Amino acid sequence: MSRKTCCWVSAMLAALMLSGCQSMNLLPFSGDESVAAEPGTLAELQPAAVSPLAAASGAVGLEDVISGYERLLPLLEDPEQIIRVQHRLADLRFQQAENRMTEQAVDELDVAIDAYQRLLELYPDRETNDRILYQLARTYELRGDTDAYLATLDRLVTEFPDSEFRVESEFRRGEVLFSNYDYAGAEKAFDAVIQADADAPGRETFLTNAWYMKGWSQFKQGDYEPALISYVSVLDIVLPGGERVQNVDGAQRTMVEDLFRVMGLSFSYLGGAESVAALFERTGRKPWEILVYDRYSELLLEKELYSDAIEVYEQYIEIYPLSRWAPRYHMNIIATLQVAGFTASIPERKAEFVDTYGITGDYWARAEGEAFEYIFQQLEELLPELANRHYVLAQKSDRRPKAEEEEYRRAARYYGEFVETFPSHEGAPELLFLLAETQLELRQWRQAIQAFEQVAYDYGSHAQAAEAAYASILVWRSYAETWTDLGQAEVDALGKEQQQNRVRFVSAFPEDERALNVLYIATRHEFEQQDYRSVIEQTGKILAWQAAPDVSLMTEAFLLKAHSLYALEDYPQAEVAYQEALLIMPPQDNRHSGVIENLAASVYRQAEAHLAAREKPEAVDEFLRVGLAAPSSSVRPNAEYDAANTLMELTEWQRAIDVMTEFRQNYPQHPMIDTLPAKMALAYRETEQWEAAADELQTLFDLAETDEDKRETLLIAADLYDRAGSREKAIASYRLYANSYPAPLDTWMENANRLAELYEEADDPLKRRFWLARQMEAVDRNPDQADDRMRYLAAEASAVLATDVLTRYNGIALTLPLEKTMAAKIGALETAAQAWQRTANYGISRFSTEAGYRIADIYARLGRDLMDAERPEGLSELEAMQYDLLLEEQAFPFEENAIDIHEQNASRSWNGIYDEWVQESFGALKRLMPGRYDKPEVTAEVVDELD
């Protein structure tokens, strides 16, 4: 090549290289926008600097560049330049194919693939073949040929372990292997990225994602603990120094949030909260550790795994009890319990919060800043809540002294701690008031008085000041009740303090209407001491006060007087005092109903006094007067009930019925309402009101608790309906009994028999026969239990049913064709005979003799019917005679049977049985065998003397 040509080639080559670079925009593997280009990779290639002249000449098209390289290639002689141009052509063709795939969805990557493969075939030992493999891998990846893509990457990392593309290639291998579910292979590939030298190209870029994907690969294999270690490495990189997640860039923030989620799943698989602690015991404390606890607990809450979330909070608090997050997590536990509906332990958790973080706890002295403010806010709500709760529980302790005292002590503790923690709080007076009340319940007299006085006099003018001052007076009076064991000097000193307290009240609150109530308080105290005669005397003074007391005080005086009179059993005077109190008591007074109750009780007690004196008529009048004096009282129902009982004792049946009827109408829900049916049934029976008595027994039947009680009640009710002539109700009751109580059998039989009789009276033969059949079935099923009466009833029922069968038999006439009607007649004969035989089997002579007669007559009837049977028409005299003889021959056996059975029946007379049916059998025998049974009786004369 001439020197001139060489210069031209060199210039051409430089221009093409420049234009080729301008036309390329090679990036890393597709789908990885989060990984930045690294120095030394094809992804780093940037447009070369362009001189103003070149820029002015206009951009060169990609196809022109390719065409230029193709024209240049034959002119090159330097092997290195040839390889460079061929490599460049391959890259340009890849770029061209990529553009067309992107713009036109046309796959022309084969050209680039062939070019890269040809370079590798022509120059297999070239040191820079790792770049060609890298680009070839990108080409396969763009095409979507995953197998070729992975194989090319495998070759690159195997043949070029020191390649600048190795780190990225290992990462891409890991991605493909992970997508192919080869998690173990993926883990090794990602680990190769992690284990690469710190200064290896691409390691810093891929390190975070490699740790992240290694963790996912381990997770997919069920290696949760190693996975967690990998995730820790990610967080160490992404959140150095405990940086806030919100400050992490968008892509990595998504990764971090996903990482927290998979860490949570791993913790759950490893046993929950303990696995979190185990992780950080292994890795050491981390500045972002709280985020793991936070996100894990959020995940558990999202999945409604409330108990597991609580364990996470508890685990953190146990490990870091002095952390600023500890009190927040404690409240999170409470909130979680609330959401989960596990409310039973919430009060205990709240109490633990106060114990741990309150003013008496160790945390309080160390708390500062935001943590202290948070605790302050929580205590402001929790202390009153806990105090009020224990106060209420104390009041609901069902008079269990120890439980009540313990609840009041807890309430006092929280009330006191609130006042100590928030001495200037606007709610302090109210809670201090409650503290005083609680201390009062605990009989801590001095403390209660002090607290009430603080409320009254230390917080200026406020709504509860007068109440507290007055309460202190009441506490003093209660406190005075405990002085009985003190010496006189000490009692006098305390009395002086008590008096000072009263004076202070009047001085501080002169307009308070209770200032004049000191005398009333003294009177009340005497009432509480049960000094009722003194109370009566003192109330007289109050009612005669010169400056007339107000209505309320007068009401109180009347009530105290009435209560005292009642306590002294002066019930007539107590009744008067209660009436006087009611006359002046405002209707809206919530004690109104209670006073009415006391008034009613006073009248009721007068009735009881009459009963005690055996003055029953007077007692009835007083019992009924309760309703007149206090119609709305709860005592009235009991009084009227007692009046009814007393009237029953006096056998004033109709009056008792009237009182009980009104009682039932007025008090249908009264506890004693169910006792009325028995009483009213007795009263109705005594007055022979049978149906009404039975109706009451029906109610009593519904109320009965045992089957035996129900059975006996129903049986009596049925009998009473029967006696009253109420056939339908009687049938219903007997039927219910018969269907419900098969035992005892004798009673059931009588019940069923009466039921059949009632159906007969009602002209309902089908139902009558149903119950007749039921009687027979009962005896047949229980032969060992059947006595003579039951067999008699069964036999009687059987006779009725057998008579029905006999009637059907008698109704069959022997007509032509004789063979057909004879067959029906014979069938009916057998059925009728069996029915009467069943009657006879019960062994009751009354029905056995009838059965014997009926069976014999059945056979005799067939013989007669044969002789009376219809003759064929057109018979000659001879034929008629022969036909008659034939019928006689047919009838003869039946007559013989009839005679035998009649004779058996008649033979019963030898055993002393000579009832109508035996007589009927004798009569039949006379007709059937007159020569034997219809002879005149021969009487022989007695010869007294011998000739």
# chains A, B, ... in the order shown; residues from 1 in each chain; ligands from 1
call {"tool": "residues_around", "arguments": {"residues": "stretch 722-730 of chain A", "least_positions_apart": "4", "cutoff": "7 Å", "atoms": "only C-alpha atoms", "output": "PyMOL selection string"}}
result
chain A and resi 690-691+718+734
call {"tool": "residues_around", "arguments": {"residues": "stretch 918-920 of chain A", "least_positions_apart": "2", "cutoff": "9 Å", "atoms": "only C-alpha atoms", "output": "ChimeraX atom specification"}}
result
/A:849-850,852-853,902,905-909,913-916,922-925
call {"tool": "residues_around", "arguments": {"residues": "A:Pro347", "least_positions_apart": "4", "cutoff": "12 Å", "atoms": "only C-alpha atoms", "output": "MDAnalysis selection string"}}
result
chainID A and resid 331 333:335 337:338 342:343 351:354 382:383 385:390 393
call {"tool": "residues_around", "arguments": {"residues": "A:Ile657", "least_positions_apart": "2", "cutoff": "8 Å", "atoms": "only C-alpha atoms", "output": "list in words"}}
result
Ala644, Trp653, Gln654, Arg655, Val659, Met660, Thr661, Met680, Ala683 and Tyr684 of chain A
call {"tool": "residues_around", "arguments": {"residues": "A:Arg409", "least_positions_apart": "2", "cutoff": "10 Å", "atoms": "only C-alpha atoms", "output": "number ranges by chain"}}
result
A: 387, 390-391, 394, 403-407, 411-415, 435, 438-439, 441-442
call {"tool": "decode", "arguments": {"residues": "stretch 729-874 of chain A", "atoms": "C-alpha atoms", "output": "PDB file, in the first residue's frame"}}
result
ATOM      1  CA  LYS A 729    -111.112 -30.209  76.278  1.00  0.00           C
ATOM      2  CA  ALA A 730    -111.488 -33.569  77.987  1.00  0.00           C
ATOM      3  CA  ILE A 731    -110.706 -35.395  74.750  1.00  0.00           C
ATOM      4  CA  ALA A 732    -107.677 -33.153  74.136  1.00  0.00           C
ATOM      5  CA  SER A 733    -106.344 -33.777  77.641  1.00  0.00           C
ATOM      6  CA  TYR A 734    -107.003 -37.533  77.612  1.00  0.00           C
ATOM      7  CA  ARG A 735    -105.454 -37.775  74.150  1.00  0.00           C
ATOM      8  CA  LEU A 736    -102.339 -35.820  75.196  1.00  0.00           C
ATOM      9  CA  TYR A 737    -102.020 -38.061  78.236  1.00  0.00           C
ATOM     10  CA  ALA A 738    -102.414 -41.250  76.214  1.00  0.00           C
ATOM     11  CA  ASN A 739     -99.842 -40.101  73.643  1.00  0.00           C
ATOM     12  CA  SER A 740     -97.340 -38.924  76.247  1.00  0.00           C
ATOM     13  CA  TYR A 741     -97.475 -41.269  79.237  1.00  0.00           C
ATOM     14  CA  PRO A 742     -97.709 -44.994  78.426  1.00  0.00           C
ATOM     15  CA  ALA A 743     -96.849 -45.831  82.028  1.00  0.00           C
ATOM     16  CA  PRO A 744     -98.281 -46.794  84.441  1.00  0.00           C
ATOM     17  CA  LEU A 745    -100.153 -49.131  82.168  1.00  0.00           C
ATOM     18  CA  ASP A 746    -103.313 -49.473  84.253  1.00  0.00           C
ATOM     19  CA  THR A 747    -103.816 -45.701  84.330  1.00  0.00           C
ATOM     20  CA  TRP A 748    -103.116 -45.461  80.617  1.00  0.00           C
ATOM     21  CA  MET A 749    -105.731 -48.151  79.920  1.00  0.00           C
ATOM     22  CA  GLU A 750    -108.416 -46.331  81.897  1.00  0.00           C
ATOM     23  CA  ASN A 751    -107.465 -43.078  80.143  1.00  0.00           C
ATOM     24  CA  ALA A 752    -107.638 -44.677  76.694  1.00  0.00           C
ATOM     25  CA  ASN A 753    -110.930 -46.391  77.566  1.00  0.00           C
ATOM     26  CA  ARG A 754    -112.480 -43.081  78.621  1.00  0.00           C
ATOM     27  CA  LEU A 755    -111.141 -41.468  75.467  1.00  0.00           C
ATOM     28  CA  ALA A 756    -112.858 -44.148  73.397  1.00  0.00           C
ATOM     29  CA  GLU A 757    -116.103 -43.585  75.332  1.00  0.00           C
ATOM     30  CA  LEU A 758    -115.923 -39.834  74.687  1.00  0.00           C
ATOM     31  CA  TYR A 759    -115.407 -40.423  70.970  1.00  0.00           C
ATOM     32  CA  GLU A 760    -118.449 -42.716  71.067  1.00  0.00           C
ATOM     33  CA  GLU A 761    -120.447 -39.936  72.711  1.00  0.00           C
ATOM     34  CA  ALA A 762    -119.151 -37.550  70.054  1.00  0.00           C
ATOM     35  CA  ASP A 763    -120.336 -39.997  67.336  1.00  0.00           C
ATOM     36  CA  ASP A 764    -116.819 -40.425  65.995  1.00  0.00           C
ATOM     37  CA  PRO A 765    -116.575 -44.217  65.481  1.00  0.00           C
ATOM     38  CA  LEU A 766    -113.237 -44.164  63.664  1.00  0.00           C
ATOM     39  CA  LYS A 767    -111.365 -42.441  66.500  1.00  0.00           C
ATOM     40  CA  ARG A 768    -113.205 -44.578  69.035  1.00  0.00           C
ATOM     41  CA  ARG A 769    -112.031 -47.742  67.314  1.00  0.00           C
ATOM     42  CA  PHE A 770    -108.495 -46.318  67.058  1.00  0.00           C
ATOM     43  CA  TRP A 771    -108.295 -46.075  70.828  1.00  0.00           C
ATOM     44  CA  LEU A 772    -110.006 -49.457  71.295  1.00  0.00           C
ATOM     45  CA  ALA A 773    -107.271 -50.973  69.143  1.00  0.00           C
ATOM     46  CA  ARG A 774    -104.611 -49.101  71.165  1.00  0.00           C
ATOM     47  CA  GLN A 775    -105.957 -50.693  74.362  1.00  0.00           C
ATOM     48  CA  MET A 776    -105.656 -54.149  72.852  1.00  0.00           C
ATOM     49  CA  GLU A 777    -102.113 -53.419  71.611  1.00  0.00           C
ATOM     50  CA  ALA A 778    -101.052 -52.209  75.069  1.00  0.00           C
ATOM     51  CA  VAL A 779    -102.182 -55.446  76.764  1.00  0.00           C
ATOM     52  CA  ASP A 780    -100.797 -57.613  73.952  1.00  0.00           C
ATOM     53  CA  ARG A 781     -97.369 -55.922  74.233  1.00  0.00           C
ATOM     54  CA  ASN A 782     -97.293 -56.115  78.024  1.00  0.00           C
ATOM     55  CA  PRO A 783     -99.094 -59.341  79.036  1.00  0.00           C
ATOM     56  CA  ASP A 784     -97.105 -59.661  82.275  1.00  0.00           C
ATOM     57  CA  GLN A 785     -98.173 -56.180  83.422  1.00  0.00           C
ATOM     58  CA  ALA A 786    -101.849 -56.618  82.585  1.00  0.00           C
ATOM     59  CA  ASP A 787    -104.198 -57.197  85.489  1.00  0.00           C
ATOM     60  CA  ASP A 788    -107.819 -58.398  85.294  1.00  0.00           C
ATOM     61  CA  ARG A 789    -109.163 -54.891  84.772  1.00  0.00           C
ATOM     62  CA  MET A 790    -106.804 -54.179  81.892  1.00  0.00           C
ATOM     63  CA  ARG A 791    -107.612 -57.538  80.263  1.00  0.00           C
ATOM     64  CA  TYR A 792    -111.286 -56.771  80.731  1.00  0.00           C
ATOM     65  CA  LEU A 793    -110.912 -53.429  78.936  1.00  0.00           C
ATOM     66  CA  ALA A 794    -108.878 -55.070  76.187  1.00  0.00           C
ATOM     67  CA  ALA A 795    -111.480 -57.837  75.814  1.00  0.00           C
ATOM     68  CA  GLU A 796    -114.282 -55.291  75.744  1.00  0.00           C
ATOM     69  CA  ALA A 797    -112.468 -53.304  73.061  1.00  0.00           C
ATOM     70  CA  SER A 798    -111.758 -56.495  71.146  1.00  0.00           C
ATOM     71  CA  ALA A 799    -115.447 -57.454  71.255  1.00  0.00           C
ATOM     72  CA  VAL A 800    -116.407 -54.124  69.669  1.00  0.00           C
ATOM     73  CA  LEU A 801    -113.874 -54.538  66.872  1.00  0.00           C
ATOM     74  CA  ALA A 802    -114.818 -58.205  66.420  1.00  0.00           C
ATOM     75  CA  THR A 803    -118.453 -57.177  66.120  1.00  0.00           C
ATOM     76  CA  ASP A 804    -117.438 -54.852  63.266  1.00  0.00           C
ATOM     77  CA  VAL A 805    -115.763 -57.810  61.518  1.00  0.00           C
ATOM     78  CA  LEU A 806    -118.810 -60.000  62.178  1.00  0.00           C
ATOM     79  CA  THR A 807    -121.064 -57.369  60.667  1.00  0.00           C
ATOM     80  CA  ARG A 808    -118.974 -57.371  57.499  1.00  0.00           C
ATOM     81  CA  TYR A 809    -119.129 -61.194  57.448  1.00  0.00           C
ATOM     82  CA  ASN A 810    -122.890 -61.242  57.842  1.00  0.00           C
ATOM     83  CA  GLY A 811    -123.235 -58.753  55.030  1.00  0.00           C
ATOM     84  CA  ILE A 812    -121.754 -61.131  52.435  1.00  0.00           C
ATOM     85  CA  ALA A 813    -124.574 -62.973  50.598  1.00  0.00           C
ATOM     86  CA  LEU A 814    -123.996 -66.251  48.725  1.00  0.00           C
ATOM     87  CA  THR A 815    -125.029 -65.437  45.209  1.00  0.00           C
ATOM     88  CA  LEU A 816    -124.077 -66.787  41.835  1.00  0.00           C
ATOM     89  CA  PRO A 817    -121.466 -67.564  40.871  1.00  0.00           C
ATOM     90  CA  LEU A 818    -121.360 -69.437  44.147  1.00  0.00           C
ATOM     91  CA  GLU A 819    -117.654 -70.337  44.025  1.00  0.00           C
ATOM     92  CA  LYS A 820    -116.729 -66.642  44.016  1.00  0.00           C
ATOM     93  CA  THR A 821    -119.032 -65.464  46.808  1.00  0.00           C
ATOM     94  CA  MET A 822    -118.242 -68.624  48.781  1.00  0.00           C
ATOM     95  CA  ALA A 823    -114.542 -67.793  48.731  1.00  0.00           C
ATOM     96  CA  ALA A 824    -115.241 -64.262  50.013  1.00  0.00           C
ATOM     97  CA  LYS A 825    -117.551 -65.683  52.669  1.00  0.00           C
ATOM     98  CA  ILE A 826    -114.968 -68.204  53.824  1.00  0.00           C
ATOM     99  CA  GLY A 827    -112.303 -65.454  54.036  1.00  0.00           C
ATOM    100  CA  ALA A 828    -114.611 -63.249  56.074  1.00  0.00           C
ATOM    101  CA  LEU A 829    -115.445 -66.254  58.292  1.00  0.00           C
ATOM    102  CA  GLU A 830    -111.803 -66.834  59.114  1.00  0.00           C
ATOM    103  CA  THR A 831    -111.229 -63.125  59.848  1.00  0.00           C
ATOM    104  CA  ALA A 832    -114.297 -62.925  62.086  1.00  0.00           C
ATOM    105  CA  ALA A 833    -113.430 -66.143  63.887  1.00  0.00           C
ATOM    106  CA  GLN A 834    -109.891 -64.897  64.525  1.00  0.00           C
ATOM    107  CA  ALA A 835    -111.204 -61.573  65.839  1.00  0.00           C
ATOM    108  CA  TRP A 836    -113.525 -63.327  68.301  1.00  0.00           C
ATOM    109  CA  GLN A 837    -110.841 -65.828  69.208  1.00  0.00           C
ATOM    110  CA  ARG A 838    -108.560 -62.875  70.087  1.00  0.00           C
ATOM    111  CA  THR A 839    -111.373 -61.605  72.333  1.00  0.00           C
ATOM    112  CA  ALA A 840    -111.614 -64.969  74.016  1.00  0.00           C
ATOM    113  CA  ASN A 841    -107.834 -65.097  74.530  1.00  0.00           C
ATOM    114  CA  TYR A 842    -107.972 -62.286  77.064  1.00  0.00           C
ATOM    115  CA  GLY A 843    -109.517 -64.806  79.462  1.00  0.00           C
ATOM    116  CA  ILE A 844    -112.457 -62.707  80.585  1.00  0.00           C
ATOM    117  CA  SER A 845    -115.478 -65.020  80.956  1.00  0.00           C
ATOM    118  CA  ARG A 846    -117.947 -62.249  80.135  1.00  0.00           C
ATOM    119  CA  PHE A 847    -116.404 -61.893  76.701  1.00  0.00           C
ATOM    120  CA  SER A 848    -115.076 -65.467  76.311  1.00  0.00           C
ATOM    121  CA  THR A 849    -118.611 -66.856  76.392  1.00  0.00           C
ATOM    122  CA  GLU A 850    -119.743 -64.241  73.910  1.00  0.00           C
ATOM    123  CA  ALA A 851    -116.776 -65.069  71.703  1.00  0.00           C
ATOM    124  CA  GLY A 852    -117.657 -68.782  71.907  1.00  0.00           C
ATOM    125  CA  TYR A 853    -121.215 -68.092  70.927  1.00  0.00           C
ATOM    126  CA  ARG A 854    -120.203 -65.715  68.101  1.00  0.00           C
ATOM    127  CA  ILE A 855    -117.671 -68.126  66.610  1.00  0.00           C
ATOM    128  CA  ALA A 856    -120.197 -70.995  66.721  1.00  0.00           C
ATOM    129  CA  ASP A 857    -122.854 -68.781  65.188  1.00  0.00           C
ATOM    130  CA  ILE A 858    -120.423 -67.755  62.430  1.00  0.00           C
ATOM    131  CA  TYR A 859    -120.152 -71.376  61.363  1.00  0.00           C
ATOM    132  CA  ALA A 860    -123.867 -71.965  61.788  1.00  0.00           C
ATOM    133  CA  ARG A 861    -124.581 -68.834  59.773  1.00  0.00           C
ATOM    134  CA  LEU A 862    -122.471 -70.122  56.911  1.00  0.00           C
ATOM    135  CA  GLY A 863    -124.430 -73.394  56.957  1.00  0.00           C
ATOM    136  CA  ARG A 864    -127.726 -71.487  56.841  1.00  0.00           C
ATOM    137  CA  ASP A 865    -126.460 -69.143  54.157  1.00  0.00           C
ATOM    138  CA  LEU A 866    -125.438 -72.139  52.046  1.00  0.00           C
ATOM    139  CA  MET A 867    -128.904 -73.583  52.275  1.00  0.00           C
ATOM    140  CA  ASP A 868    -130.344 -70.174  51.392  1.00  0.00           C
ATOM    141  CA  ALA A 869    -127.858 -69.568  48.601  1.00  0.00           C
ATOM    142  CA  GLU A 870    -129.058 -68.462  45.195  1.00  0.00           C
ATOM    143  CA  ARG A 871    -129.899 -71.422  42.846  1.00  0.00           C
ATOM    144  CA  PRO A 872    -129.044 -71.466  39.205  1.00  0.00           C
ATOM    145  CA  GLU A 873    -132.009 -70.873  36.934  1.00  0.00           C
ATOM    146  CA  GLY A 874    -133.418 -73.518  34.634  1.00  0.00           C
TER     147      GLY A 874
END
